[in-house]
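Asks: Below is the structure I would like to discuss, written out as structure tokens.
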Amino acid sequence: MRICFILNPTSGTNRTQDVPALLTRYATAAGANFEIQLTQRAGHATELARQAAAEGCRVVVAVGGDGTVNEVARGLLGTAAALGIVPRGSGNGLARHLHIPLDLPGAVRRACQPTFQRIDAGQINGRWFFCTAGLGFDAHVSKLFAQAGTRGLSTYVKVALREYRRYRPTPVQMELENQVLLDTHCYVLAFANAAQYGNNAYIAPRADIQDGLLDVCLIDALPMLRAVRVGVGLALGTLPTSGGAAYHTSRRIRVRAAQPLGFHVDGDYVADATEFEVELEPLALEVAV
């Protein structure tokens with residue numbers, strides 16, 4: 001079994017480690033037949049993953065954060081290769097949901113001695129996501145977080161607290177596959193394939209990554225008392241019972257916004273738009289876990 005590790009050298013907050021040397025050490029100890037490729041630019045991981053799959057690699061491992069995982073996974077859709085993850089990012093949402101070890105030795109061993117399963121994959125306006133996508137405040141914070149110059153949970157929290165005082169909800173119309181039509185406001189509208197954003201912040205703790213449905217979490221406004229309930233619910237995995245959010249499940253969702261709203265895929269801001277088409281592809285991706 002051939003394995004390709006695709007490493008994003010800019011992922012994570014610890015840039016002092018010689019990650020290629022550590023990957024070599026642990027993969028060799030696991031008896032793996034492997035190669036290591038380093039990304040050079042945005043989107044490069046998708047190209048490298050597609051090439052590795054075409055060359056017969058059975059497992060292609062994303063070594064990085066959620067953005068790197070997203071890029072590698074996109075390159076593996078429709079191929080015979082499975083996605084592995086060595087989490088090196090700030091949130092590591094998909095890795096946490098799949099119970100992949102967060103330490104480098106453990107994650108490498110898991111990638112080299114995997115079992116396989118298939119998971120669902122989502123699209124929003126043609127952009128693939130595997131953990132979560134969303135509109136509103138979380139996308140707004142993701143955009144500013146990417147511009148902050150530093151990574152990590154503390155930076156994200158600082159940006160979120162600063163913007164909370166400024167951000168206002170947007171009127172939206174949402175249509176679910178079962179013909180439910182909602183006229184509401186969007187502070188946060190999250191489409192969850194997996195249970196959490198990352199860092200054990202559970203936006204949809206009941207989400208099942210193999211059930212063929214997205215868990216849709218709507219927060220229409222966030223006054224102070226509700227913000228406290230939402231924060232506690234995210235941390236404890238109790239948001240559905242907190243009274244801070246409303247939930248639906250659907251395979252397809254259509255959203256129209258009264259003014260442009262930012263959207264993100266797997267924590268990375270994409271663009272602003274007023275119309276959104278969201279769809280889930282059941283069991284579209286094989287993963288090595």
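Chain identifiers are assigned as A, B, and so on, following the order in which chains appear in the structure tokens; residues are numbered from 1 within each chain, and ligands are numbered from 1 in order of appearance.
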Residues at most 9 Å from A:Asp272, counting only C-alpha atoms, excluding those fewer than 5 positions away in the same chain, as a JSON list (two decimals) with N, CA, C and O atoms, in the first residue's frame?
Replies:
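New file out.json:
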[["chain", "number", "residue", "atom", "x", "y", "z"],
["A", 260, "PRO", "N", -25.68, 41.08, 0.39],
["A", 260, "PRO", "CA", -24.60, 40.09, 0.30],
["A", 260, "PRO", "C", -24.14, 39.58, 1.66],
["A", 260, "PRO", "O", -23.96, 40.34, 2.60],
["A", 261, "LEU", "N", -24.00, 38.26, 1.73],
["A", 261, "LEU", "CA", -23.52, 37.58, 2.93],
["A", 261, "LEU", "C", -22.26, 36.80, 2.58],
["A", 261, "LEU", "O", -22.17, 36.17, 1.53],
["A", 262, "GLY", "N", -21.28, 36.84, 3.48],
["A", 262, "GLY", "CA", -20.10, 36.01, 3.29],
["A", 262, "GLY", "C", -20.40, 34.56, 3.58],
["A", 262, "GLY", "O", -21.27, 34.25, 4.39],
["A", 263, "PHE", "N", -19.69, 33.65, 2.90],
["A", 263, "PHE", "CA", -19.81, 32.24, 3.23],
["A", 263, "PHE", "C", -18.43, 31.60, 3.30],
["A", 263, "PHE", "O", -17.47, 32.08, 2.69]]
Asks: I'd like to know which residues of stretch 39-85 of chain A are strand (DSSP E or B) (by DSSP, run on the backbone); could you write them as an NGL selection string?
Replies: :A and (59-64 or 82-85)
Asks: Keeping only N, CA and C atoms, take the residues you just selected and write them out as an mmCIF file, in the first residue's frame.
Replies:
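Contents of the output file part.cif:
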data_model
loop_
_atom_site.group_PDB
_atom_site.id
_atom_site.type_symbol
_atom_site.label_atom_id
_atom_site.label_comp_id
_atom_site.auth_asym_id
_atom_site.auth_seq_id
_atom_site.Cartn_x
_atom_site.Cartn_y
_atom_site.Cartn_z
ATOM 1 N N VAL A 59 -3.591 5.665 0.007
ATOM 2 C CA VAL A 59 -3.955 6.668 1.008
ATOM 3 C C VAL A 59 -3.182 7.948 0.714
ATOM 4 N N VAL A 60 -3.881 9.059 0.671
ATOM 5 C CA VAL A 60 -3.260 10.375 0.495
ATOM 6 C C VAL A 60 -3.575 11.182 1.751
ATOM 7 N N VAL A 61 -2.530 11.571 2.466
ATOM 8 C CA VAL A 61 -2.680 12.126 3.807
ATOM 9 C C VAL A 61 -2.478 13.642 3.779
ATOM 10 N N ALA A 62 -3.476 14.369 4.241
ATOM 11 C CA ALA A 62 -3.359 15.815 4.398
ATOM 12 C C ALA A 62 -2.667 16.102 5.721
ATOM 13 N N VAL A 63 -1.508 16.750 5.651
ATOM 14 C CA VAL A 63 -0.763 17.126 6.849
ATOM 15 C C VAL A 63 -0.898 18.650 6.980
ATOM 16 N N GLY A 64 -1.861 19.064 7.786
ATOM 17 C CA GLY A 64 -2.134 20.492 7.899
ATOM 18 C C GLY A 64 -3.445 20.725 8.616
ATOM 19 N N ALA A 82 -7.971 6.985 -0.621
ATOM 20 C CA ALA A 82 -8.662 7.422 0.590
ATOM 21 C C ALA A 82 -7.920 8.585 1.229
ATOM 22 N N LEU A 83 -8.672 9.438 1.896
ATOM 23 C CA LEU A 83 -8.106 10.577 2.609
ATOM 24 C C LEU A 83 -7.637 10.159 3.994
ATOM 25 N N GLY A 84 -6.377 10.458 4.309
ATOM 26 C CA GLY A 84 -5.871 10.371 5.663
ATOM 27 C C GLY A 84 -5.597 11.770 6.178
ATOM 28 N N ILE A 85 -5.520 11.922 7.490
ATOM 29 C CA ILE A 85 -5.284 13.239 8.077
ATOM 30 C C ILE A 85 -4.237 13.135 9.175
#
Asks: Taking 3 positions as the minimum chain separation for residues in the same chain, which residues sit within 6 Å of stretch 127-140 of chain A when counting only C-alpha atoms? Answer as a short mmCIF file (atom, residue, chain, number, x, y, z; two decimals) with all heavy atoms, in the first residue's frame.
Replies:
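Final output, saved to part_34.cif:
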data_model
loop_
_atom_site.label_atom_id
_atom_site.label_comp_id
_atom_site.auth_asym_id
_atom_site.auth_seq_id
_atom_site.Cartn_x
_atom_site.Cartn_y
_atom_site.Cartn_z
N LEU A 94 -12.54 18.12 11.17
CA LEU A 94 -12.84 16.80 10.61
C LEU A 94 -12.04 15.72 11.32
O LEU A 94 -12.55 14.63 11.60
CB LEU A 94 -12.57 16.79 9.11
CG LEU A 94 -13.01 15.52 8.37
CD1 LEU A 94 -14.50 15.27 8.55
CD2 LEU A 94 -12.65 15.60 6.89
N ALA A 121 -20.20 14.29 1.61
CA ALA A 121 -19.51 15.53 1.26
C ALA A 121 -20.55 16.54 0.79
O ALA A 121 -21.52 16.18 0.12
CB ALA A 121 -18.47 15.30 0.18
N GLY A 122 -20.35 17.80 1.14
CA GLY A 122 -21.31 18.85 0.78
C GLY A 122 -20.74 19.82 -0.23
O GLY A 122 -19.52 19.92 -0.43
N GLN A 123 -21.65 20.53 -0.87
CA GLN A 123 -21.27 21.63 -1.76
C GLN A 123 -22.12 22.86 -1.45
O GLN A 123 -23.32 22.73 -1.18
CB GLN A 123 -21.51 21.26 -3.23
CG GLN A 123 -20.51 20.32 -3.84
CD GLN A 123 -20.63 20.27 -5.35
OE1 GLN A 123 -20.21 21.19 -6.04
NE2 GLN A 123 -21.22 19.20 -5.85
N ILE A 124 -21.49 24.02 -1.47
CA ILE A 124 -22.20 25.28 -1.38
C ILE A 124 -21.72 26.16 -2.52
O ILE A 124 -20.51 26.44 -2.65
CB ILE A 124 -22.01 25.96 -0.01
CG1 ILE A 124 -22.72 27.32 0.02
CG2 ILE A 124 -20.56 26.09 0.38
CD1 ILE A 124 -22.81 27.94 1.41
N LYS A 143 -13.08 35.43 7.54
CA LYS A 143 -12.42 36.36 6.63
C LYS A 143 -11.41 37.23 7.36
O LYS A 143 -10.26 37.39 6.92
CB LYS A 143 -13.48 37.23 5.95
CG LYS A 143 -12.92 38.27 4.99
CD LYS A 143 -14.05 39.09 4.38
CE LYS A 143 -13.52 40.14 3.40
NZ LYS A 143 -14.63 40.93 2.80
N TYR A 187 -28.03 35.41 11.57
CA TYR A 187 -26.79 35.81 12.24
C TYR A 187 -25.73 34.76 11.94
O TYR A 187 -24.63 35.08 11.50
CB TYR A 187 -27.01 35.95 13.75
CG TYR A 187 -25.91 36.72 14.45
CD1 TYR A 187 -26.06 38.08 14.70
CD2 TYR A 187 -24.74 36.10 14.83
CE1 TYR A 187 -25.04 38.80 15.32
CE2 TYR A 187 -23.72 36.81 15.45
CZ TYR A 187 -23.87 38.15 15.70
OH TYR A 187 -22.86 38.86 16.30
N VAL A 188 -26.10 33.50 12.14
CA VAL A 188 -25.29 32.36 11.71
C VAL A 188 -26.23 31.34 11.07
O VAL A 188 -27.27 31.02 11.64
CB VAL A 188 -24.55 31.70 12.90
CG1 VAL A 188 -23.91 30.38 12.46
CG2 VAL A 188 -23.49 32.63 13.46
N LEU A 189 -25.86 30.86 9.90
CA LEU A 189 -26.56 29.75 9.27
C LEU A 189 -25.49 28.73 8.88
O LEU A 189 -24.73 28.94 7.94
CB LEU A 189 -27.34 30.22 8.05
CG LEU A 189 -28.19 29.16 7.33
CD1 LEU A 189 -29.15 28.48 8.28
CD2 LEU A 189 -28.94 29.77 6.15
N ALA A 190 -25.43 27.64 9.64
CA ALA A 190 -24.37 26.65 9.47
C ALA A 190 -24.94 25.38 8.86
O ALA A 190 -26.03 24.93 9.23
CB ALA A 190 -23.72 26.32 10.81
N PHE A 191 -24.19 24.82 7.91
CA PHE A 191 -24.53 23.55 7.28
C PHE A 191 -23.48 22.54 7.73
O PHE A 191 -22.32 22.60 7.31
CB PHE A 191 -24.54 23.71 5.76
CG PHE A 191 -25.36 24.88 5.29
CD1 PHE A 191 -24.73 26.03 4.84
CD2 PHE A 191 -26.74 24.84 5.35
CE1 PHE A 191 -25.47 27.12 4.42
CE2 PHE A 191 -27.50 25.93 4.93
CZ PHE A 191 -26.87 27.07 4.47
N ALA A 192 -23.90 21.63 8.60
CA ALA A 192 -22.95 20.76 9.28
C ALA A 192 -23.03 19.34 8.72
O ALA A 192 -24.07 18.68 8.85
CB ALA A 192 -23.21 20.76 10.78
N ASN A 193 -21.94 18.90 8.12
CA ASN A 193 -21.78 17.50 7.76
C ASN A 193 -21.24 16.74 8.98
O ASN A 193 -21.71 15.65 9.30
CB ASN A 193 -20.83 17.38 6.57
CG ASN A 193 -20.75 15.97 6.02
OD1 ASN A 193 -21.74 15.24 6.00
ND2 ASN A 193 -19.57 15.58 5.55
N ALA A 194 -20.28 17.34 9.65
CA ALA A 194 -19.72 16.81 10.90
C ALA A 194 -20.22 17.65 12.07
O ALA A 194 -20.89 18.67 11.89
CB ALA A 194 -18.20 16.82 10.83
N LEU A 261 -24.00 38.26 1.73
CA LEU A 261 -23.52 37.58 2.93
C LEU A 261 -22.26 36.80 2.58
O LEU A 261 -22.17 36.17 1.53
CB LEU A 261 -24.56 36.59 3.45
CG LEU A 261 -25.63 37.08 4.42
CD1 LEU A 261 -26.61 35.96 4.71
CD2 LEU A 261 -24.99 37.57 5.71
N GLY A 262 -21.28 36.84 3.48
CA GLY A 262 -20.10 36.01 3.29
C GLY A 262 -20.40 34.56 3.58
O GLY A 262 -21.27 34.25 4.39
N PHE A 263 -19.69 33.65 2.90
CA PHE A 263 -19.81 32.24 3.23
C PHE A 263 -18.43 31.60 3.30
O PHE A 263 -17.47 32.08 2.69
CB PHE A 263 -20.73 31.49 2.26
CG PHE A 263 -20.19 31.22 0.89
CD1 PHE A 263 -19.64 29.99 0.56
CD2 PHE A 263 -20.25 32.19 -0.11
CE1 PHE A 263 -19.17 29.71 -0.71
CE2 PHE A 263 -19.78 31.94 -1.39
CZ PHE A 263 -19.23 30.69 -1.70
N HIS A 264 -18.34 30.51 4.08
CA HIS A 264 -17.08 29.81 4.25
C HIS A 264 -17.28 28.33 3.96
O HIS A 264 -18.40 27.80 4.02
CB HIS A 264 -16.54 29.99 5.68
CG HIS A 264 -17.26 29.17 6.70
ND1 HIS A 264 -16.89 27.88 7.03
CD2 HIS A 264 -18.35 29.44 7.47
CE1 HIS A 264 -17.69 27.40 7.95
NE2 HIS A 264 -18.60 28.32 8.24
N VAL A 265 -16.20 27.65 3.63
CA VAL A 265 -16.18 26.20 3.54
C VAL A 265 -15.04 25.71 4.43
O VAL A 265 -13.91 26.15 4.31
CB VAL A 265 -16.01 25.69 2.09
CG1 VAL A 265 -17.20 26.07 1.25
CG2 VAL A 265 -14.73 26.21 1.45
N ASP A 266 -15.39 24.83 5.36
CA ASP A 266 -14.43 24.26 6.29
C ASP A 266 -13.56 25.32 6.95
O ASP A 266 -12.34 25.16 7.12
CB ASP A 266 -13.57 23.20 5.58
CG ASP A 266 -14.37 21.96 5.24
OD1 ASP A 266 -15.38 21.69 5.93
OD2 ASP A 266 -14.00 21.25 4.30
N TYR A 269 -12.98 31.47 4.48
CA TYR A 269 -13.87 32.39 3.79
C TYR A 269 -13.70 32.25 2.28
O TYR A 269 -12.58 32.13 1.76
CB TYR A 269 -13.56 33.82 4.23
CG TYR A 269 -14.22 34.89 3.38
CD1 TYR A 269 -15.56 35.23 3.57
CD2 TYR A 269 -13.50 35.54 2.38
CE1 TYR A 269 -16.16 36.20 2.79
CE2 TYR A 269 -14.11 36.51 1.59
CZ TYR A 269 -15.43 36.84 1.80
OH TYR A 269 -16.03 37.79 1.03
#
Asks: Hey, which bits of stretch 159-248 of chain A sit within 12 Å of stretch 144-153 of chain A, and for each residue what's the closest pair of atoms and how far apart in Å (one decimal), counting only C-alpha atoms, rows by chain and increasing number, as JSON lines?
Replies:
{"residue": "A:Val159", "atom": "CA", "partner": "A:Phe145", "partner_atom": "CA", "distance": 6.6}
{"residue": "A:Ala160", "atom": "CA", "partner": "A:Phe145", "partner_atom": "CA", "distance": 8.7}
{"residue": "A:Leu161", "atom": "CA", "partner": "A:Phe145", "partner_atom": "CA", "distance": 11.8}
{"residue": "A:Arg162", "atom": "CA", "partner": "A:Leu144", "partner_atom": "CA", "distance": 10.7}
{"residue": "A:Glu163", "atom": "CA", "partner": "A:Leu144", "partner_atom": "CA", "distance": 9.3}
{"residue": "A:Tyr197", "atom": "CA", "partner": "A:Leu153", "partner_atom": "CA", "distance": 11.9}
{"residue": "A:Gly198", "atom": "CA", "partner": "A:Leu153", "partner_atom": "CA", "distance": 9.8}
{"residue": "A:Asn199", "atom": "CA", "partner": "A:Leu153", "partner_atom": "CA", "distance": 7.8}
{"residue": "A:Asn200", "atom": "CA", "partner": "A:Leu153", "partner_atom": "CA", "distance": 11.2}
{"residue": "A:Ala201", "atom": "CA", "partner": "A:Leu153", "partner_atom": "CA", "distance": 11.1}
Asks: From the list A:Ala32, A:Val255, A:Val287, A:Leu77, which residue is nearest A:Leu182 when using only C-alpha atoms?
Replies: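 Checking each candidate against A:Leu182, we get A:Val255 as the closest.
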Asks: Which value, in Å to one decimal, gives the distance between atom CA of A:Arg165 and atom CA of A:Val232?
Replies: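 Separation between atom CA of A:Arg165 and atom CA of A:Val232: 18.6 Å.
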Asks: Would you mind telling me which residue in A:Phe5, A:His185, A:Ala21, A:Ala53 lies nearest to A:Glu35 when using only C-alpha atoms?
Replies: A:Phe5
Asks: Calculated over only C-alpha atoms, which of the candidates A:Arg96, A:Arg50, A:Arg251, A:Arg41 has the smallest distance to A:Pro9?
Replies: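 Ranked by minimum distance to A:Pro9, first place goes to A:Arg41.
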Asks: So which one's closest to A:Val172, A:Ala258, A:Ile3, A:Ile36, A:Val278? Using only C-alpha atoms, please.
Replies: A:Ala258
Asks: Give me the residues within 6 Å of A:Arg2 as an MDAnalysis selection string, counting only C-alpha atoms and dropping any in the same chain fewer than 2 places off.
Replies: chainID A and resid 33:34 57:58
Asks: If we count only C-alpha atoms and set the cut-off at 10 Å, which residues sit around A:Gly231, ignoring sequence neighbours fewer than 5 positions away in its own chain? Please answer as a ChimeraX atom specification.
Replies: /A:201-203,226,236-239,242,244
Asks: How would the residues just chosen look if you wrote them out with N, CA and C atoms as an mmCIF file, in the first residue's frame?
Replies:
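Ended up saving to selection.cif:
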data_model
loop_
_atom_site.group_PDB
_atom_site.id
_atom_site.type_symbol
_atom_site.label_atom_id
_atom_site.label_comp_id
_atom_site.auth_asym_id
_atom_site.auth_seq_id
_atom_site.Cartn_x
_atom_site.Cartn_y
_atom_site.Cartn_z
ATOM 1 N N ALA A 201 -15.737 22.857 19.343
ATOM 2 C CA ALA A 201 -16.881 23.772 19.333
ATOM 3 C C ALA A 201 -17.985 23.100 18.526
ATOM 4 N N TYR A 202 -18.972 22.526 19.217
ATOM 5 C CA TYR A 202 -19.968 21.643 18.607
ATOM 6 C C TYR A 202 -21.154 22.445 18.096
ATOM 7 N N ILE A 203 -21.112 22.799 16.815
ATOM 8 C CA ILE A 203 -22.211 23.543 16.203
ATOM 9 C C ILE A 203 -23.410 22.633 15.939
ATOM 10 N N ARG A 226 -28.413 35.364 24.946
ATOM 11 C CA ARG A 226 -28.386 34.224 24.049
ATOM 12 C C ARG A 226 -26.957 33.885 23.652
ATOM 13 N N LEU A 236 -20.086 22.659 25.384
ATOM 14 C CA LEU A 236 -20.540 21.440 26.050
ATOM 15 C C LEU A 236 -21.249 20.474 25.102
ATOM 16 N N GLY A 237 -21.496 20.895 23.869
ATOM 17 C CA GLY A 237 -22.233 20.041 22.944
ATOM 18 C C GLY A 237 -23.713 20.010 23.225
ATOM 19 N N THR A 238 -24.243 21.072 23.846
ATOM 20 C CA THR A 238 -25.652 21.120 24.231
ATOM 21 C C THR A 238 -26.421 22.213 23.486
ATOM 22 N N LEU A 239 -25.877 22.728 22.392
ATOM 23 C CA LEU A 239 -26.524 23.836 21.700
ATOM 24 C C LEU A 239 -27.957 23.503 21.257
ATOM 25 N N SER A 242 -30.241 24.282 24.118
ATOM 26 C CA SER A 242 -29.944 25.509 24.867
ATOM 27 C C SER A 242 -30.965 26.608 24.646
ATOM 28 N N GLY A 244 -30.730 28.483 22.084
ATOM 29 C CA GLY A 244 -29.993 29.508 21.353
ATOM 30 C C GLY A 244 -30.007 29.346 19.846
#
Asks: Please indicate the distance in Å from atom CA of A:Asp120 to atom CA of A:Thr241, rounded to one decimal place.
Replies: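 Between atom CA of A:Asp120 and atom CA of A:Thr241 the gap works out to 25.3 Å.
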Asks: Contacts of A:Gly106 at 12 Å or less, counting only C-alpha atoms, minus same-chain residues fewer than 3 places along, as a PyMOL selection string?
Replies: chain A and resi 22-23+26-27+29-30+85-87+99-103+109-114+289
Asks: Store the residues picked out above, limited to N, CA, C and O atoms, as a PDB file, in the first residue's frame.
Replies:
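Result saved to result_2.pdb:
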ATOM      1  N   LEU A  22      10.083  14.297  10.884  1.00  0.00           N
ATOM      2  CA  LEU A  22       9.251  13.538  11.816  1.00  0.00           C
ATOM      3  C   LEU A  22       8.325  12.578  11.069  1.00  0.00           C
ATOM      4  O   LEU A  22       8.122  11.433  11.496  1.00  0.00           O
ATOM      5  N   LEU A  23       7.743  13.041   9.964  1.00  0.00           N
ATOM      6  CA  LEU A  23       6.916  12.150   9.156  1.00  0.00           C
ATOM      7  C   LEU A  23       7.720  10.943   8.687  1.00  0.00           C
ATOM      8  O   LEU A  23       7.243   9.798   8.742  1.00  0.00           O
ATOM      9  N   TYR A  26       8.371   8.492  11.711  1.00  0.00           N
ATOM     10  CA  TYR A  26       7.243   7.710  12.209  1.00  0.00           C
ATOM     11  C   TYR A  26       6.675   6.786  11.136  1.00  0.00           C
ATOM     12  O   TYR A  26       6.238   5.672  11.440  1.00  0.00           O
ATOM     13  N   ALA A  27       6.654   7.237   9.876  1.00  0.00           N
ATOM     14  CA  ALA A  27       6.152   6.379   8.803  1.00  0.00           C
ATOM     15  C   ALA A  27       7.097   5.208   8.553  1.00  0.00           C
ATOM     16  O   ALA A  27       6.655   4.089   8.274  1.00  0.00           O
ATOM     17  N   ALA A  29       8.999   3.834  10.856  1.00  0.00           N
ATOM     18  CA  ALA A  29       8.792   2.932  11.992  1.00  0.00           C
ATOM     19  C   ALA A  29       7.543   2.089  11.815  1.00  0.00           C
ATOM     20  O   ALA A  29       7.469   0.948  12.296  1.00  0.00           O
ATOM     21  N   ALA A  30       6.535   2.628  11.097  1.00  0.00           N
ATOM     22  CA  ALA A  30       5.296   1.891  10.855  1.00  0.00           C
ATOM     23  C   ALA A  30       5.413   0.946   9.669  1.00  0.00           C
ATOM     24  O   ALA A  30       4.452   0.236   9.353  1.00  0.00           O
ATOM     25  N   ILE A  85      -5.520  11.922   7.490  1.00  0.00           N
ATOM     26  CA  ILE A  85      -5.284  13.239   8.077  1.00  0.00           C
ATOM     27  C   ILE A  85      -4.237  13.135   9.175  1.00  0.00           C
ATOM     28  O   ILE A  85      -4.339  12.278  10.066  1.00  0.00           O
ATOM     29  N   VAL A  86      -3.242  14.013   9.096  1.00  0.00           N
ATOM     30  CA  VAL A  86      -2.350  14.281  10.215  1.00  0.00           C
ATOM     31  C   VAL A  86      -2.622  15.732  10.611  1.00  0.00           C
ATOM     32  O   VAL A  86      -2.173  16.660   9.943  1.00  0.00           O
ATOM     33  N   PRO A  87      -3.408  15.957  11.666  1.00  0.00           N
ATOM     34  CA  PRO A  87      -3.878  17.311  11.970  1.00  0.00           C
ATOM     35  C   PRO A  87      -2.767  18.221  12.477  1.00  0.00           C
ATOM     36  O   PRO A  87      -2.067  17.892  13.428  1.00  0.00           O
ATOM     37  N   HIS A  99     -12.161  11.060  15.093  1.00  0.00           N
ATOM     38  CA  HIS A  99     -11.382  10.502  16.211  1.00  0.00           C
ATOM     39  C   HIS A  99      -9.959  10.129  15.779  1.00  0.00           C
ATOM     40  O   HIS A  99      -9.406   9.121  16.226  1.00  0.00           O
ATOM     41  N   ILE A 100      -9.383  10.956  14.927  1.00  0.00           N
ATOM     42  CA  ILE A 100      -7.987  10.783  14.532  1.00  0.00           C
ATOM     43  C   ILE A 100      -7.103  11.410  15.611  1.00  0.00           C
ATOM     44  O   ILE A 100      -7.382  12.525  16.077  1.00  0.00           O
ATOM     45  N   PRO A 101      -6.051  10.752  16.026  1.00  0.00           N
ATOM     46  CA  PRO A 101      -5.183  11.329  17.066  1.00  0.00           C
ATOM     47  C   PRO A 101      -4.664  12.707  16.659  1.00  0.00           C
ATOM     48  O   PRO A 101      -4.313  12.934  15.490  1.00  0.00           O
ATOM     49  N   LEU A 102      -4.602  13.603  17.625  1.00  0.00           N
ATOM     50  CA  LEU A 102      -4.111  14.953  17.354  1.00  0.00           C
ATOM     51  C   LEU A 102      -2.595  15.054  17.471  1.00  0.00           C
ATOM     52  O   LEU A 102      -2.013  16.057  17.045  1.00  0.00           O
ATOM     53  N   ASP A 103      -1.941  14.037  18.063  1.00  0.00           N
ATOM     54  CA  ASP A 103      -0.486  14.051  18.122  1.00  0.00           C
ATOM     55  C   ASP A 103       0.083  13.464  16.828  1.00  0.00           C
ATOM     56  O   ASP A 103      -0.502  12.558  16.233  1.00  0.00           O
ATOM     57  N   ARG A 109       0.777   6.877  12.588  1.00  0.00           N
ATOM     58  CA  ARG A 109       0.527   5.436  12.734  1.00  0.00           C
ATOM     59  C   ARG A 109      -0.860   5.075  12.222  1.00  0.00           C
ATOM     60  O   ARG A 109      -1.041   4.047  11.556  1.00  0.00           O
ATOM     61  N   ARG A 110      -1.853   5.899  12.531  1.00  0.00           N
ATOM     62  CA  ARG A 110      -3.214   5.623  12.081  1.00  0.00           C
ATOM     63  C   ARG A 110      -3.286   5.670  10.551  1.00  0.00           C
ATOM     64  O   ARG A 110      -3.955   4.836   9.935  1.00  0.00           O
ATOM     65  N   ALA A 111      -2.614   6.627   9.943  1.00  0.00           N
ATOM     66  CA  ALA A 111      -2.638   6.741   8.487  1.00  0.00           C
ATOM     67  C   ALA A 111      -1.943   5.562   7.813  1.00  0.00           C
ATOM     68  O   ALA A 111      -2.327   5.150   6.711  1.00  0.00           O
ATOM     69  N   CYS A 112      -0.930   5.022   8.461  1.00  0.00           N
ATOM     70  CA  CYS A 112      -0.161   3.922   7.878  1.00  0.00           C
ATOM     71  C   CYS A 112      -0.797   2.558   8.136  1.00  0.00           C
ATOM     72  O   CYS A 112      -0.455   1.577   7.456  1.00  0.00           O
ATOM     73  N   GLN A 113      -1.698   2.478   9.099  1.00  0.00           N
ATOM     74  CA  GLN A 113      -2.357   1.207   9.438  1.00  0.00           C
ATOM     75  C   GLN A 113      -3.864   1.467   9.550  1.00  0.00           C
ATOM     76  O   GLN A 113      -4.466   1.280  10.609  1.00  0.00           O
ATOM     77  N   PRO A 114      -4.501   1.867   8.450  1.00  0.00           N
ATOM     78  CA  PRO A 114      -5.877   2.359   8.543  1.00  0.00           C
ATOM     79  C   PRO A 114      -6.921   1.274   8.374  1.00  0.00           C
ATOM     80  O   PRO A 114      -6.653   0.172   7.889  1.00  0.00           O
ATOM     81  N   VAL A 289      -9.230   5.832   8.554  1.00  0.00           N
ATOM     82  CA  VAL A 289      -9.375   6.209   9.964  1.00  0.00           C
ATOM     83  C   VAL A 289      -8.994   5.033  10.846  1.00  0.00           C
ATOM     84  O   VAL A 289      -8.721   3.942  10.370  1.00  0.00           O
TER      85      VAL A 289
END
